[in-house]
Amino acid sequence: MKKILVTGGSGYIGSHTIIDLLQNGFEVISADNFSRSSPDIFIGIEKATGVKVKNYAIDLCNFDDTHAVFQENPDLAGIIHFAAFKAVGESVETPLLYFENNLVSLLNILKCAGEFKVPHFVFSSSCTVYGNPKEIPVTENSPFEEAESSYGYTKQMGENIVTESYRTLGLKASLLRYFNPVGAHPSNEIGEIPIGKPANLVPAITQTAIGKLPEMKVHGNNYPTRDGSCIRDYIHVSDIAHAHTLALKHLMQINKKEVCEVFNLGSGTGYTVLEVIAAFEKVSGRKLKYSIGPRRRGDVVAIFANNDKAKNILGWNPVFNLDQMMATAWNWELKLQELEIKNGPKNFN
Ligand code: WQD
């Protein structure tokens, strides 16, 4: 079986991608120091797949420790690099932490990929590289506008580092730009575990609905959109995960020595914040306690993807609709509550 290194394997998208890779016949190892995630997620992966994934609990900003993982696994067929901090608000408060963590880890991984001649590389990028787009939907050729945060700059810079170095490293690379990943694995064995008060919309909705948060604030309803609230392209995390498996397989069948391609991973449909809340209330049967607050600094008014390229080249077809995204997110929140009641708030398995 082809062995794949997934960095950030206990993270939200990393863990869902590991399940998809295992279900598609790949062998997987992970490197994650649990700085923003829980080791319990590997228990959930094992329950969903029967596979106990080996994780190297190292800091990828430490070159020697990163190099040792490659020395122990000189037969890697590919790398999927998720490991990065991704909280937009935090990145504005602590920019140097974000530039150091997100870029040094990437440089270390790329240096090792070159030294150990790992042929395939998938980079976790984001729609934040587009900033506030002048035209929507955005295609992969839409320009990088000013990033709205240090996090966004680390993704723009990360893409530039890969596009400038893949040839000298002998890499075939895919840059995957996620829109808004939401929901949880249909098995309900893994899902998002926000640390502290969630900044993102869907965990804020589910934590409010279950009573962890007293009420949710809608960050502004006076935008130039159909109902005044911001528009985003919400995409199920399992659809995002499967796109990584397809991107790897695509790279493996390209008979060129070096390549670097970009793909938008969005549903292609934009929903407003208020429409997402309405979908959640319909699916959960719960009335959400929310009020309209001020706009959030750095928010983009509206963005959603043109996903034709991923569909046509990767053969990717997102299968989860908005109701299913809300249903899996809600089921996971209910599961977390049940587990926390049973095991105590720290460990959920
Ligand atoms: C969505 C909308 C908020 C919370 C983030 C990251 C981005 C990418 C996708 C990684 C906005 C509104 C939110 C709340 C609200 N992740 N909202 N009340 O900012 O589009 O993008 O996820 O690559 O990097 O920034 O997602 O979920 O934070 O916000 O009204 O309590 O929901 O204002 O309009 P965002 P989000």
# chains A, B, ... in the order shown; residues from 1 in each chain; ligands from 1
>>> residues_near_ligand(ligand="ligand 1", cutoff="7 Å", atoms="only C-alpha atoms and all ligand atoms", output="PyMOL selection string")
chain A and resi 86-88+125-128+152+178-181+199-202+204+216-220+229-232+273+295-296+299
>>> select_by_dssp(residues="range 236-323 of chain A", states="strand (DSSP E or B)", output="list in words")
His236, Val259, Cys260, Glu261, Val262, Phe263, Asn264, Leu265, Tyr271, Thr272, Tyr290, Ser291, Ile292, Gly293, Ala302 and Ala305 of chain A
>>> write_last_selection(atoms="N, CA, C and O atoms", output="compact mmCIF listing (two decimals), in the first residue's frame")
# COMPACT_ATOMS: atom_id res chain seq x y z
N HIS A 236 -19.15 20.37 2.99
CA HIS A 236 -19.01 19.35 4.03
C HIS A 236 -17.55 18.88 4.13
O HIS A 236 -16.90 18.64 3.10
N VAL A 259 4.88 19.08 -11.40
CA VAL A 259 3.63 19.78 -11.73
C VAL A 259 3.16 20.53 -10.49
O VAL A 259 3.53 20.16 -9.37
N CYS A 260 2.41 21.61 -10.70
CA CYS A 260 1.84 22.31 -9.53
C CYS A 260 0.48 22.88 -9.95
O CYS A 260 0.43 23.74 -10.83
N GLU A 261 -0.58 22.32 -9.39
CA GLU A 261 -1.94 22.73 -9.80
C GLU A 261 -2.72 23.26 -8.60
O GLU A 261 -2.47 22.85 -7.47
N VAL A 262 -3.68 24.16 -8.90
CA VAL A 262 -4.51 24.77 -7.84
C VAL A 262 -5.96 24.35 -8.06
O VAL A 262 -6.41 24.31 -9.22
N PHE A 263 -6.69 24.05 -6.96
CA PHE A 263 -8.11 23.70 -7.10
C PHE A 263 -8.94 24.39 -6.02
O PHE A 263 -8.56 24.39 -4.83
N ASN A 264 -10.07 24.95 -6.42
CA ASN A 264 -11.06 25.47 -5.46
C ASN A 264 -11.90 24.31 -4.93
O ASN A 264 -12.43 23.53 -5.73
N LEU A 265 -11.98 24.22 -3.60
CA LEU A 265 -12.84 23.18 -3.02
C LEU A 265 -14.00 23.87 -2.28
O LEU A 265 -13.94 24.16 -1.09
N TYR A 271 -24.37 30.73 0.68
CA TYR A 271 -25.51 30.90 1.59
C TYR A 271 -25.21 32.04 2.55
O TYR A 271 -24.05 32.25 2.94
N THR A 272 -26.25 32.79 2.95
CA THR A 272 -26.05 33.85 3.94
C THR A 272 -26.04 33.22 5.34
O THR A 272 -26.52 32.09 5.54
N TYR A 290 -30.33 33.94 18.96
CA TYR A 290 -29.27 34.80 18.41
C TYR A 290 -29.76 36.24 18.34
O TYR A 290 -30.96 36.49 18.35
N SER A 291 -28.79 37.14 18.27
CA SER A 291 -29.14 38.56 18.07
C SER A 291 -28.15 39.15 17.06
O SER A 291 -27.09 38.57 16.80
N ILE A 292 -28.54 40.29 16.50
CA ILE A 292 -27.69 40.92 15.47
C ILE A 292 -26.67 41.81 16.18
O ILE A 292 -27.03 42.67 16.97
N GLY A 293 -25.40 41.57 15.92
CA GLY A 293 -24.33 42.39 16.50
C GLY A 293 -23.63 43.20 15.43
O GLY A 293 -24.05 43.18 14.26
N ALA A 302 -18.93 38.73 0.59
CA ALA A 302 -19.48 37.53 -0.07
C ALA A 302 -18.38 36.83 -0.84
O ALA A 302 -17.56 37.48 -1.50
N ALA A 305 -17.37 29.66 -4.58
CA ALA A 305 -16.41 29.10 -5.55
C ALA A 305 -17.05 28.79 -6.89
O ALA A 305 -18.21 28.41 -6.97
>>> closest_residue(among="A:Gly268, A:Val182, A:His244, A:Pro133", to="Met326 in chain A", atoms="only C-alpha atoms")
A:Val182
>>> residues_around(residues="Ala84 in chain A", least_positions_apart="4", cutoff="12 Å", atoms="only C-alpha atoms", output="JSON, numbers by chain")
{"A": [7, 8, 9, 10, 11, 12, 13, 14, 31, 32, 33, 34, 35, 36, 37, 59, 60, 61, 88, 91, 97, 98, 99, 100, 101, 102, 103, 104, 105, 106, 123, 124, 125, 126, 151, 152, 154, 155, 158]}
>>> write_last_selection(atoms="N, CA and C atoms", output="compact mmCIF listing (two decimals), in the first residue's frame")
# COMPACT_ATOMS: atom_id res chain seq x y z
N THR A 7 0.25 15.60 7.84
CA THR A 7 0.64 16.45 8.97
C THR A 7 -0.63 17.14 9.48
N GLY A 8 -0.73 17.32 10.80
CA GLY A 8 -1.98 17.84 11.36
C GLY A 8 -3.09 16.80 11.30
N GLY A 9 -2.72 15.54 11.45
CA GLY A 9 -3.67 14.43 11.29
C GLY A 9 -4.76 14.37 12.34
N SER A 10 -4.59 15.03 13.49
CA SER A 10 -5.67 15.00 14.50
C SER A 10 -6.51 16.26 14.41
N GLY A 11 -6.28 17.05 13.42
CA GLY A 11 -7.08 18.26 13.20
C GLY A 11 -8.39 17.93 12.50
N TYR A 12 -9.22 18.95 12.32
CA TYR A 12 -10.57 18.75 11.78
C TYR A 12 -10.53 18.15 10.37
N ILE A 13 -9.87 18.79 9.44
CA ILE A 13 -9.86 18.29 8.06
C ILE A 13 -8.87 17.14 7.92
N GLY A 14 -7.77 17.21 8.66
CA GLY A 14 -6.77 16.13 8.61
C GLY A 14 -7.35 14.80 9.02
N ALA A 31 1.65 13.25 11.68
CA ALA A 31 2.55 14.03 12.54
C ALA A 31 1.73 15.18 13.09
N ASP A 32 1.52 15.15 14.42
CA ASP A 32 0.68 16.20 15.03
C ASP A 32 1.07 16.33 16.50
N ASN A 33 1.38 17.56 16.94
CA ASN A 33 1.80 17.72 18.36
C ASN A 33 0.62 18.09 19.27
N PHE A 34 -0.59 18.00 18.73
CA PHE A 34 -1.82 18.25 19.51
C PHE A 34 -1.86 19.65 20.10
N SER A 35 -1.17 20.60 19.44
CA SER A 35 -1.20 21.97 19.99
C SER A 35 -2.60 22.59 19.81
N ARG A 36 -3.35 22.11 18.84
CA ARG A 36 -4.70 22.64 18.61
C ARG A 36 -5.72 21.54 18.42
N SER A 37 -5.43 20.35 18.97
CA SER A 37 -6.38 19.24 18.73
C SER A 37 -6.19 18.22 19.85
N ASP A 59 6.88 18.69 16.94
CA ASP A 59 6.67 20.05 16.45
C ASP A 59 7.35 20.15 15.09
N LEU A 60 6.59 20.35 14.06
CA LEU A 60 7.15 20.40 12.70
C LEU A 60 8.01 21.63 12.48
N CYS A 61 8.04 22.55 13.44
CA CYS A 61 8.98 23.67 13.34
C CYS A 61 10.37 23.25 13.79
N VAL A 88 -8.43 33.10 12.44
CA VAL A 88 -8.20 34.42 11.83
C VAL A 88 -7.99 35.50 12.90
N SER A 91 -4.75 35.24 14.63
CA SER A 91 -3.61 35.59 13.76
C SER A 91 -3.38 37.10 13.71
N LEU A 97 3.60 34.68 15.63
CA LEU A 97 3.34 33.27 15.96
C LEU A 97 2.84 32.54 14.71
N TYR A 98 1.95 33.21 13.97
CA TYR A 98 1.38 32.58 12.76
C TYR A 98 2.41 32.45 11.65
N PHE A 99 3.23 33.52 11.42
CA PHE A 99 4.21 33.41 10.34
C PHE A 99 5.23 32.33 10.67
N GLU A 100 5.67 32.30 11.97
CA GLU A 100 6.67 31.30 12.33
C GLU A 100 6.10 29.89 12.22
N ASN A 101 4.96 29.67 12.89
CA ASN A 101 4.42 28.31 12.92
C ASN A 101 4.03 27.80 11.53
N ASN A 102 3.30 28.62 10.79
CA ASN A 102 2.76 28.12 9.52
C ASN A 102 3.82 28.04 8.43
N LEU A 103 4.84 28.91 8.49
CA LEU A 103 5.83 28.91 7.39
C LEU A 103 7.04 28.05 7.70
N VAL A 104 7.53 28.07 8.94
CA VAL A 104 8.70 27.23 9.27
C VAL A 104 8.35 25.75 9.13
N SER A 105 7.15 25.39 9.56
CA SER A 105 6.74 23.97 9.43
C SER A 105 6.68 23.58 7.95
N LEU A 106 6.17 24.48 7.12
CA LEU A 106 6.09 24.18 5.67
C LEU A 106 7.50 24.04 5.08
N PHE A 123 -1.01 20.58 -0.59
CA PHE A 123 -0.93 21.67 0.38
C PHE A 123 -2.31 22.18 0.73
N SER A 124 -2.56 22.30 2.03
CA SER A 124 -3.83 22.79 2.54
C SER A 124 -3.87 24.31 2.45
N SER A 125 -4.58 24.82 1.44
CA SER A 125 -4.69 26.26 1.30
C SER A 125 -6.13 26.69 1.61
N SER A 126 -6.48 27.91 1.27
CA SER A 126 -7.76 28.43 1.75
C SER A 126 -8.29 29.52 0.83
N TYR A 151 -3.25 35.19 9.07
CA TYR A 151 -3.49 33.80 8.64
C TYR A 151 -3.60 33.75 7.12
N GLY A 152 -4.38 34.66 6.56
CA GLY A 152 -4.56 34.69 5.10
C GLY A 152 -3.23 34.91 4.39
N THR A 154 -0.33 33.95 5.49
CA THR A 154 0.49 32.72 5.56
C THR A 154 0.06 31.73 4.47
N LYS A 155 -1.21 31.77 4.10
CA LYS A 155 -1.67 30.86 3.04
C LYS A 155 -1.22 31.39 1.67
N GLY A 158 2.44 30.67 1.66
CA GLY A 158 2.65 29.22 1.57
C GLY A 158 2.52 28.73 0.14
>>> residues_around(residues="Ala241 in chain A", least_positions_apart="4", cutoff="7 Å", atoms="only C-alpha atoms", output="PDB file with all heavy atoms, in the first residue's frame")
ATOM      1  N   ILE A  13      -9.867  18.791   9.436  1.00  0.00           N
ATOM      2  CA  ILE A  13      -9.856  18.291   8.060  1.00  0.00           C
ATOM      3  C   ILE A  13      -8.868  17.136   7.921  1.00  0.00           C
ATOM      4  O   ILE A  13      -9.136  16.156   7.225  1.00  0.00           O
ATOM      5  CB  ILE A  13      -9.542  19.434   7.057  1.00  0.00           C
ATOM      6  CG1 ILE A  13     -10.513  20.592   7.265  1.00  0.00           C
ATOM      7  CG2 ILE A  13      -9.616  18.923   5.624  1.00  0.00           C
ATOM      8  CD1 ILE A  13     -10.244  21.818   6.445  1.00  0.00           C
ATOM      9  N   HIS A  16     -10.520  13.816   9.031  1.00  0.00           N
ATOM     10  CA  HIS A  16     -11.511  13.329   8.048  1.00  0.00           C
ATOM     11  C   HIS A  16     -10.804  12.817   6.787  1.00  0.00           C
ATOM     12  O   HIS A  16     -11.239  11.847   6.156  1.00  0.00           O
ATOM     13  CB  HIS A  16     -12.490  14.450   7.696  1.00  0.00           C
ATOM     14  CG  HIS A  16     -13.516  14.706   8.775  1.00  0.00           C
ATOM     15  ND1 HIS A  16     -13.250  15.464   9.901  1.00  0.00           N
ATOM     16  CD2 HIS A  16     -14.799  14.275   8.918  1.00  0.00           C
ATOM     17  CE1 HIS A  16     -14.315  15.493  10.675  1.00  0.00           C
ATOM     18  NE2 HIS A  16     -15.274  14.787  10.110  1.00  0.00           N
ATOM     19  N   THR A  17      -9.689  13.445   6.437  1.00  0.00           N
ATOM     20  CA  THR A  17      -8.942  13.002   5.251  1.00  0.00           C
ATOM     21  C   THR A  17      -8.274  11.658   5.511  1.00  0.00           C
ATOM     22  O   THR A  17      -8.234  10.788   4.628  1.00  0.00           O
ATOM     23  CB  THR A  17      -7.904  14.065   4.856  1.00  0.00           C
ATOM     24  OG1 THR A  17      -8.589  15.298   4.553  1.00  0.00           O
ATOM     25  CG2 THR A  17      -7.074  13.635   3.650  1.00  0.00           C
ATOM     26  N   ASP A  20     -10.746   9.005   4.851  1.00  0.00           N
ATOM     27  CA  ASP A  20     -10.983   8.806   3.417  1.00  0.00           C
ATOM     28  C   ASP A  20      -9.809   8.089   2.755  1.00  0.00           C
ATOM     29  O   ASP A  20     -10.000   7.192   1.928  1.00  0.00           O
ATOM     30  CB  ASP A  20     -11.223  10.167   2.739  1.00  0.00           C
ATOM     31  CG  ASP A  20     -11.919   9.998   1.396  1.00  0.00           C
ATOM     32  OD1 ASP A  20     -13.161   9.962   1.374  1.00  0.00           O
ATOM     33  OD2 ASP A  20     -11.194   9.854   0.392  1.00  0.00           O
ATOM     34  N   VAL A 237     -17.101  18.708   5.358  1.00  0.00           N
ATOM     35  CA  VAL A 237     -15.698  18.340   5.591  1.00  0.00           C
ATOM     36  C   VAL A 237     -15.356  16.988   4.952  1.00  0.00           C
ATOM     37  O   VAL A 237     -14.221  16.771   4.505  1.00  0.00           O
ATOM     38  CB  VAL A 237     -15.392  18.337   7.108  1.00  0.00           C
ATOM     39  CG1 VAL A 237     -16.210  17.297   7.861  1.00  0.00           C
ATOM     40  CG2 VAL A 237     -13.910  18.191   7.387  1.00  0.00           C
TER      41      VAL A 237
END
>>> select_by_dssp(residues="range 86-328 of chain A", states="helix (DSSP H, G or I)", output="ChimeraX atom specification")
/A:88-93,95-115,127-130,150-169,201-210,237-253,273-284,308-314,322-328
>>> closest_residue(among="A:Ile195, A:Met1, A:Leu21, A:Val300", to="Leu246 in chain A", atoms="only C-alpha atoms")
A:Leu21
>>> residues_around(residues="His250 in chain A", least_positions_apart="6", cutoff="12 Å", atoms="only C-alpha atoms", output="list in words")
His120, Phe121, Val122, Lys172, Ala173, Ser174, Ala243, His244, Lys256, Val259, Cys260, Glu261, Ala310, Asn312, Ile313, Leu314, Gly315 and Trp316 of chain A
>>> atom_distance(atom1="CA of Asn132 in chain A", atom2="CA of Tyr234 in chain A")
16.8 Å
>>> closest_residue(among="A:Leu96, A:Ile4, A:Ala57, A:Ile136", to="Ala113 in chain A", atoms="only C-alpha atoms")
A:Ile4
>>> residues_around(residues="Ala279 in chain A", least_positions_apart="6", cutoff="12 Å", atoms="only C-alpha atoms", output="PyMOL selection string")
chain A and resi 202+205+271-273+285-288+321-327+329-330
>>> write_last_selection(atoms="C-alpha atoms", output="PDB file, in the first residue's frame")
ATOM      1  CA  VAL A 202     -21.413  26.400  12.552  1.00  0.00           C
ATOM      2  CA  ILE A 205     -24.601  27.672  16.172  1.00  0.00           C
ATOM      3  CA  TYR A 271     -25.509  30.902   1.594  1.00  0.00           C
ATOM      4  CA  THR A 272     -26.051  33.846   3.945  1.00  0.00           C
ATOM      5  CA  VAL A 273     -25.517  33.525   7.694  1.00  0.00           C
ATOM      6  CA  GLY A 285     -36.011  21.323  15.379  1.00  0.00           C
ATOM      7  CA  ARG A 286     -34.437  23.838  17.773  1.00  0.00           C
ATOM      8  CA  LYS A 287     -35.055  27.596  17.746  1.00  0.00           C
ATOM      9  CA  LEU A 288     -31.652  29.278  17.844  1.00  0.00           C
ATOM     10  CA  ASN A 321     -26.172  19.483   0.898  1.00  0.00           C
ATOM     11  CA  LEU A 322     -26.662  22.273   3.477  1.00  0.00           C
ATOM     12  CA  ASP A 323     -29.278  20.329   5.488  1.00  0.00           C
ATOM     13  CA  GLN A 324     -26.918  17.329   5.722  1.00  0.00           C
ATOM     14  CA  MET A 325     -24.063  19.626   6.782  1.00  0.00           C
ATOM     15  CA  MET A 326     -26.251  20.966   9.592  1.00  0.00           C
ATOM     16  CA  ALA A 327     -27.523  17.492  10.566  1.00  0.00           C
ATOM     17  CA  ALA A 329     -22.769  19.038  12.798  1.00  0.00           C
ATOM     18  CA  TRP A 330     -25.712  18.796  15.217  1.00  0.00           C
TER      19      TRP A 330
END
>>> closest_residue(among="A:Ile277, A:Ala209, A:Ile303, A:Leu110", to="Ile161 in chain A", atoms="only C-alpha atoms")
A:Leu110
>>> decode(residues="range 216-228 of chain A", atoms="all heavy atoms", output="CSV table (one decimal), in the first residue's frame")
chain,number,residue,atom,x,y,z
A,216,MET,N,-26.0,33.4,20.3
A,216,MET,CA,-25.1,33.6,19.2
A,216,MET,C,-25.2,35.0,18.6
A,216,MET,O,-26.4,35.6,18.6
A,216,MET,CB,-25.3,32.6,18.1
A,216,MET,CG,-24.1,32.3,17.2
A,216,MET,SD,-24.7,31.8,15.6
A,216,MET,CE,-24.7,33.3,14.7
A,217,LYS,N,-24.2,35.7,18.2
A,217,LYS,CA,-24.2,37.0,17.6
A,217,LYS,C,-24.1,36.8,16.1
A,217,LYS,O,-23.1,36.2,15.6
A,217,LYS,CB,-23.1,37.9,18.1
A,217,LYS,CG,-23.4,38.5,19.5
A,217,LYS,CD,-24.1,39.8,19.4
A,217,LYS,CE,-24.3,40.4,20.8
A,217,LYS,NZ,-25.8,40.4,21.1
A,218,VAL,N,-25.0,37.4,15.3
A,218,VAL,CA,-24.8,37.5,13.9
A,218,VAL,C,-24.0,38.7,13.6
A,218,VAL,O,-24.4,39.8,14.0
A,218,VAL,CB,-26.1,37.6,13.2
A,218,VAL,CG1,-25.9,37.8,11.7
A,218,VAL,CG2,-26.9,36.3,13.4
A,219,HIS,N,-22.8,38.5,13.0
A,219,HIS,CA,-21.9,39.7,12.9
A,219,HIS,C,-22.3,40.6,11.7
A,219,HIS,O,-21.7,40.6,10.6
A,219,HIS,CB,-20.5,39.2,12.6
A,219,HIS,CG,-19.9,38.4,13.8
A,219,HIS,ND1,-20.1,38.7,15.1
A,219,HIS,CD2,-19.1,37.3,13.8
A,219,HIS,CE1,-19.5,37.8,15.9
A,219,HIS,NE2,-18.9,36.9,15.1
A,220,GLY,N,-23.4,41.3,11.9
A,220,GLY,CA,-23.8,42.3,11.0
A,220,GLY,C,-24.9,41.8,10.0
A,220,GLY,O,-24.8,40.7,9.5
A,221,ASN,N,-25.9,42.6,9.8
A,221,ASN,CA,-27.0,42.3,8.8
A,221,ASN,C,-27.3,43.5,8.0
A,221,ASN,O,-28.4,43.6,7.4
A,221,ASN,CB,-28.3,41.8,9.5
A,221,ASN,CG,-29.0,42.9,10.3
A,221,ASN,OD1,-28.4,44.0,10.5
A,221,ASN,ND2,-30.2,42.8,10.6
A,222,ASN,N,-26.2,44.3,7.8
A,222,ASN,CA,-26.4,45.5,6.9
A,222,ASN,C,-25.5,45.5,5.7
A,222,ASN,O,-25.0,46.5,5.3
A,222,ASN,CB,-26.3,46.8,7.7
A,222,ASN,CG,-24.9,46.8,8.4
A,222,ASN,OD1,-24.1,45.9,8.3
A,222,ASN,ND2,-24.6,48.0,9.0
A,223,TYR,N,-25.1,44.2,5.3
A,223,TYR,CA,-24.2,44.1,4.1
A,223,TYR,C,-25.1,44.1,2.9
A,223,TYR,O,-26.3,43.9,2.9
A,223,TYR,CB,-23.5,42.8,4.2
A,223,TYR,CG,-22.3,42.7,5.2
A,223,TYR,CD1,-22.5,42.1,6.5
A,223,TYR,CD2,-21.1,43.2,4.9
A,223,TYR,CE1,-21.5,42.1,7.4
A,223,TYR,CE2,-20.1,43.2,5.8
A,223,TYR,CZ,-20.3,42.6,7.1
A,223,TYR,OH,-19.2,42.6,8.0
A,224,PRO,N,-24.5,44.5,1.7
A,224,PRO,CA,-25.2,44.5,0.5
A,224,PRO,C,-25.5,43.1,-0.1
A,224,PRO,O,-25.0,42.7,-1.1
A,224,PRO,CB,-24.3,45.3,-0.5
A,224,PRO,CG,-22.9,45.1,0.1
A,224,PRO,CD,-23.1,44.9,1.6
A,225,THR,N,-26.2,42.3,0.7
A,225,THR,CA,-26.6,40.9,0.2
A,225,THR,C,-28.1,40.8,0.4
A,225,THR,O,-28.8,41.6,0.9
A,225,THR,CB,-25.9,39.9,1.1
A,225,THR,OG1,-26.4,40.0,2.5
A,225,THR,CG2,-24.4,40.0,1.2
A,226,ARG,N,-28.6,39.6,-0.1
A,226,ARG,CA,-30.1,39.4,-0.2
A,226,ARG,C,-30.8,39.6,1.2
A,226,ARG,O,-31.9,40.0,1.3
A,226,ARG,CB,-30.5,38.1,-0.8
A,226,ARG,CG,-29.8,36.9,-0.4
A,226,ARG,CD,-30.2,35.7,-1.2
A,226,ARG,NE,-29.5,34.5,-0.8
A,226,ARG,CZ,-28.3,34.0,-1.3
A,226,ARG,NH1,-27.8,34.7,-2.3
A,226,ARG,NH2,-27.7,33.0,-0.8
A,227,ASP,N,-30.1,39.3,2.3
A,227,ASP,CA,-30.8,39.5,3.6
A,227,ASP,C,-29.9,40.3,4.5
A,227,ASP,O,-30.2,40.4,5.7
A,227,ASP,CB,-31.2,38.1,4.2
A,227,ASP,CG,-30.0,37.3,4.6
A,227,ASP,OD1,-28.8,37.8,4.6
A,227,ASP,OD2,-30.2,36.1,4.8
A,228,GLY,N,-28.8,40.9,4.0
A,228,GLY,CA,-28.0,41.7,4.8
A,228,GLY,C,-26.8,41.0,5.5
A,228,GLY,O,-25.9,41.7,6.0
